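Novice: Submitted below is the structure of interest, expressed as structure tokens.
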Amino acid sequence: MTKDISTQEDQTKAKERRARGEFVRGVSGFRHVIGDPDFPAEPSRYHLFVALNCPWCHRVTLARAVLGLQDSITMDVAFPNRTDENDPMGPNLWEFAPDRIASLTGAGLPECTAETGTGSGLRLVKEIYQREGSEEQSVPILYDKIAERIVNNESAEIIRMLDANADALGGSPDRPMLVPDDPTLQDVIADLNDRIYVTINNGAYKAGFSSDQAVYGQAFDAYFETLASLDDLLSDGRHYLTGNTFTEVDLRLFPTLYRHDPVYFVRMKLNGARILDYAHLWRWLCRVYVLEGVADAGSLIHCRQGYFGRSWNGVVPLGPLMPMPYPDAYLHPDLVK
């Protein structure tokens with residue numbers, strides 16, 4: 001694997017920073033690698049546990065899709081809202097609940113599944129971790145069905161190992177190479193990954209979930225400064241962020257921008273502009289959305305239900321409807337001139 005396997009947030013004085021109102025993302029605890037002796041690269045061996053509203057999971061479902069691994073890596077999808085105070089196991093837990101009703105639609109969500117990866121029909125993600133003596137409860141999880149062990153729960157590393165082992169895992173021969181062999185291009189990808197993670201991917205959460213006005217303001221400014229910079233980068237006519245080939249940096253940016261106009265603009269208080277207001281970024285977003293497998297790798301219904309369903313009153317906004325509903329808008333790069 002190349003450098004920048006996983007950009008993580010500095011944990012220095014994390015407890016004190018959280019007490020002051022800053023959102024500080026924790027560090028994932030399972031960091032094994034496909035290709036290690038305990039975890040050989042074999043088709044049909046591995047399984048993913050995800051939630052489609054989670055942008056970190058979205059990275060992984062995108063990688064599975066664009067690498068053509070849907071048939072060789074199985075997947076379970078949790079309900080986008082977590083458990084509440086009435087749950088016997090406690091609140092704020094990811095739950096496999098295919099029969100649970102979404103308030104947005106008044107019906108179940110067809111993408112949601114029971115838990116099938118462990119063979120035990122577990123209800124909660126937390127229970128998968130408890131089998132290994134861990135108190136973690138996050139998704140995504142890459143799971144080895146034969147060894148019955150968690151391989152990794154850091155999304156950036158999962159993406160890299162799926163890319164690096166795509167042939168052995170049964171990927172499509174027509175797949176892109178997310179991290180090409182060119183060392184110069186790898187450095188460009190690493191630099192862009194770092195900036196996008198800090199200011200866009202994690203920056204959206206810094207803005208939306210921090211309770212300190214100054215921290216929010218810094219995150220807000222950095223987020224839109226980077227959007228402007230990326231829009232300028234794309235202004236030379238390149239199709240993707242590093243040139244005319246889709247790479248890992250495009251994959252890592254997409255989940256946040258996919259959510260921006262219909263969710264983050266309101267929920268994360270990132271109302272400085274829409275992606276639709278950036279002509280080059282909008283066309284890039286539409287270009288990625290129509291790549292094979294991308295549209296099916298995410299769900300704005302799950303995103304709306306998951307983000308707004310956890311807000312103070314649980315009411316999910318129905319818009320935006322102009323200039324047209326999302327995600328249909330992503331099929332129209334011509335909405336900008």
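For the structure tokens, the naming scheme is as follows: chains receive sequential letters (A, B, ...) according to their order of presentation, residues are indexed from 1 within each chain, and ligands are indexed from 1 in presentation order.
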Could you pull out the strand (DSSP E or B) residues of range 80-225 of chain A from DSSP and send them as a PyMOL selection string?
Specialist: chain A and resi 95+101-102+107-108+124+141-144+149-152
Novice: May I have the residues within 8 Å of Ile150 in chain A as a PyMOL selection string, using only C-alpha atoms and disregarding those fewer than 6 positions away in the same chain?
Specialist: chain A and resi 30+129+141-144
Novice: Would you write out, as a Markdown table, a table of all residues in range 202-272 of chain A that have an atom no more than 8 Å from an atom of range 285-299 of chain A, listing for each the closest atom pair and the distance in Å to one decimal, considering only C-alpha atoms and ordering rows by chain and rising residue number?
Specialist:
| residue | atom | partner | partner_atom | distance |
| --- | --- | --- | --- | --- |
| A:His239 | CA | A:Arg287 | CA | 7.8 |
| A:Phe254 | CA | A:Leu285 | CA | 7.0 |
| A:Leu257 | CA | A:Leu285 | CA | 7.4 |
| A:Tyr258 | CA | A:Leu285 | CA | 7.3 |
Novice: Which residues of range 44-70 of chain A have any atom within 12 Å of an atom in range 201-224 of chain A when counting only C-alpha atoms, and what is the closest pair of atoms for each, with the distance in Å to one decimal? Order the rows by chain and rising number and write it as a tab-separated table.
Specialist:
residue	atom	partner	partner_atom	distance
A:Cys54	CA	A:Asn201	CA	11.2
A:Pro55	CA	A:Asn201	CA	8.1
A:Trp56	CA	A:Asn201	CA	8.7
A:His58	CA	A:Asn201	CA	11.6
A:Arg59	CA	A:Asn201	CA	10.7
Novice: Write the residues you've just listed into a file as a PDB file, in the first residue's frame, and include N, CA and C atoms for each of them.
Specialist:
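Written output follows (out-v2.pdb):
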ATOM      1  N   CYS A  54     -24.245   6.881   6.137  1.00  0.00           N
ATOM      2  CA  CYS A  54     -22.913   7.210   6.646  1.00  0.00           C
ATOM      3  C   CYS A  54     -21.948   7.465   5.496  1.00  0.00           C
ATOM      4  N   PRO A  55     -21.311   8.639   5.434  1.00  0.00           N
ATOM      5  CA  PRO A  55     -20.404   8.923   4.314  1.00  0.00           C
ATOM      6  C   PRO A  55     -19.150   8.063   4.319  1.00  0.00           C
ATOM      7  N   TRP A  56     -18.715   7.598   5.498  1.00  0.00           N
ATOM      8  CA  TRP A  56     -17.536   6.725   5.575  1.00  0.00           C
ATOM      9  C   TRP A  56     -17.884   5.355   5.008  1.00  0.00           C
ATOM     10  N   HIS A  58     -20.167   5.040   2.736  1.00  0.00           N
ATOM     11  CA  HIS A  58     -20.390   5.312   1.319  1.00  0.00           C
ATOM     12  C   HIS A  58     -19.093   5.171   0.527  1.00  0.00           C
ATOM     13  N   ARG A  59     -17.964   5.588   1.115  1.00  0.00           N
ATOM     14  CA  ARG A  59     -16.670   5.364   0.466  1.00  0.00           C
ATOM     15  C   ARG A  59     -16.500   3.889   0.104  1.00  0.00           C
TER      16      ARG A  59
END
Novice: Name all residues at most 12 Å from Pro180 in chain A (count only C-alpha atoms; drop same-chain ones fewer than 4 positions away) and give them as a list in words.
Specialist: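 Close residues of Pro180 in chain A: Met1, Thr2, Arg160, Asp163, Ala164, Pro176, Thr184, Leu185, Gln186, Asp187, Val188, Ile189, Ala190, Thr242, Thr245, Phe246, Thr247, Glu248 and Val249 of chain A.
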Novice: With C-alpha atoms retained, could you export that selection as a PDB file, in the first residue's frame?
Specialist:
ATOM      1  CA  MET A   1       0.000   0.000   0.000  1.00  0.00           C
ATOM      2  CA  THR A   2       1.100   3.540  -0.675  1.00  0.00           C
ATOM      3  CA  ARG A 160      -7.047   0.640  -0.345  1.00  0.00           C
ATOM      4  CA  ASP A 163      -8.264  -1.790  -4.717  1.00  0.00           C
ATOM      5  CA  ALA A 164      -4.935  -3.549  -4.137  1.00  0.00           C
ATOM      6  CA  PRO A 176     -10.416   1.640 -12.591  1.00  0.00           C
ATOM      7  CA  THR A 184       4.105  11.225  -8.788  1.00  0.00           C
ATOM      8  CA  LEU A 185       0.366  10.684  -9.123  1.00  0.00           C
ATOM      9  CA  GLN A 186       0.325   8.872  -5.780  1.00  0.00           C
ATOM     10  CA  ASP A 187       1.792  11.996  -4.166  1.00  0.00           C
ATOM     11  CA  VAL A 188      -0.880  14.168  -5.793  1.00  0.00           C
ATOM     12  CA  ILE A 189      -3.601  11.798  -4.549  1.00  0.00           C
ATOM     13  CA  ALA A 190      -2.118  11.814  -1.032  1.00  0.00           C
ATOM     14  CA  THR A 242      -6.137  14.293 -10.887  1.00  0.00           C
ATOM     15  CA  THR A 245      -8.909   9.117 -14.883  1.00  0.00           C
ATOM     16  CA  PHE A 246     -11.156   8.388 -11.887  1.00  0.00           C
ATOM     17  CA  THR A 247      -9.009   7.754  -8.804  1.00  0.00           C
ATOM     18  CA  GLU A 248      -9.315   7.325  -5.070  1.00  0.00           C
ATOM     19  CA  VAL A 249      -9.455  11.075  -4.445  1.00  0.00           C
TER      20      VAL A 249
END
Novice: Go ahead and compute the interatomic distance for CA of Gln137 in chain A and CA of Arg82 in chain A, in Å to one decimal.
Specialist: 11.2 Å
Novice: Choose the residue, out of A:Asn244, A:Thr61, A:Ser44, A:Asn53, that has the smallest atom-to-atom separation from Tyr264 in chain A; count only C-alpha atoms.
Specialist: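 The closest residue to Tyr264 in chain A is A:Asn53.
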Novice: Considering only C-alpha atoms, return as a PyMOL selection string whatever protein or nucleic-acid residues lie within 8 Å of His47 in chain A, sequence-local ones (same chain, fewer than 2 positions apart) excluded.
Specialist: chain A and resi 45+49+73-76+117+142-145
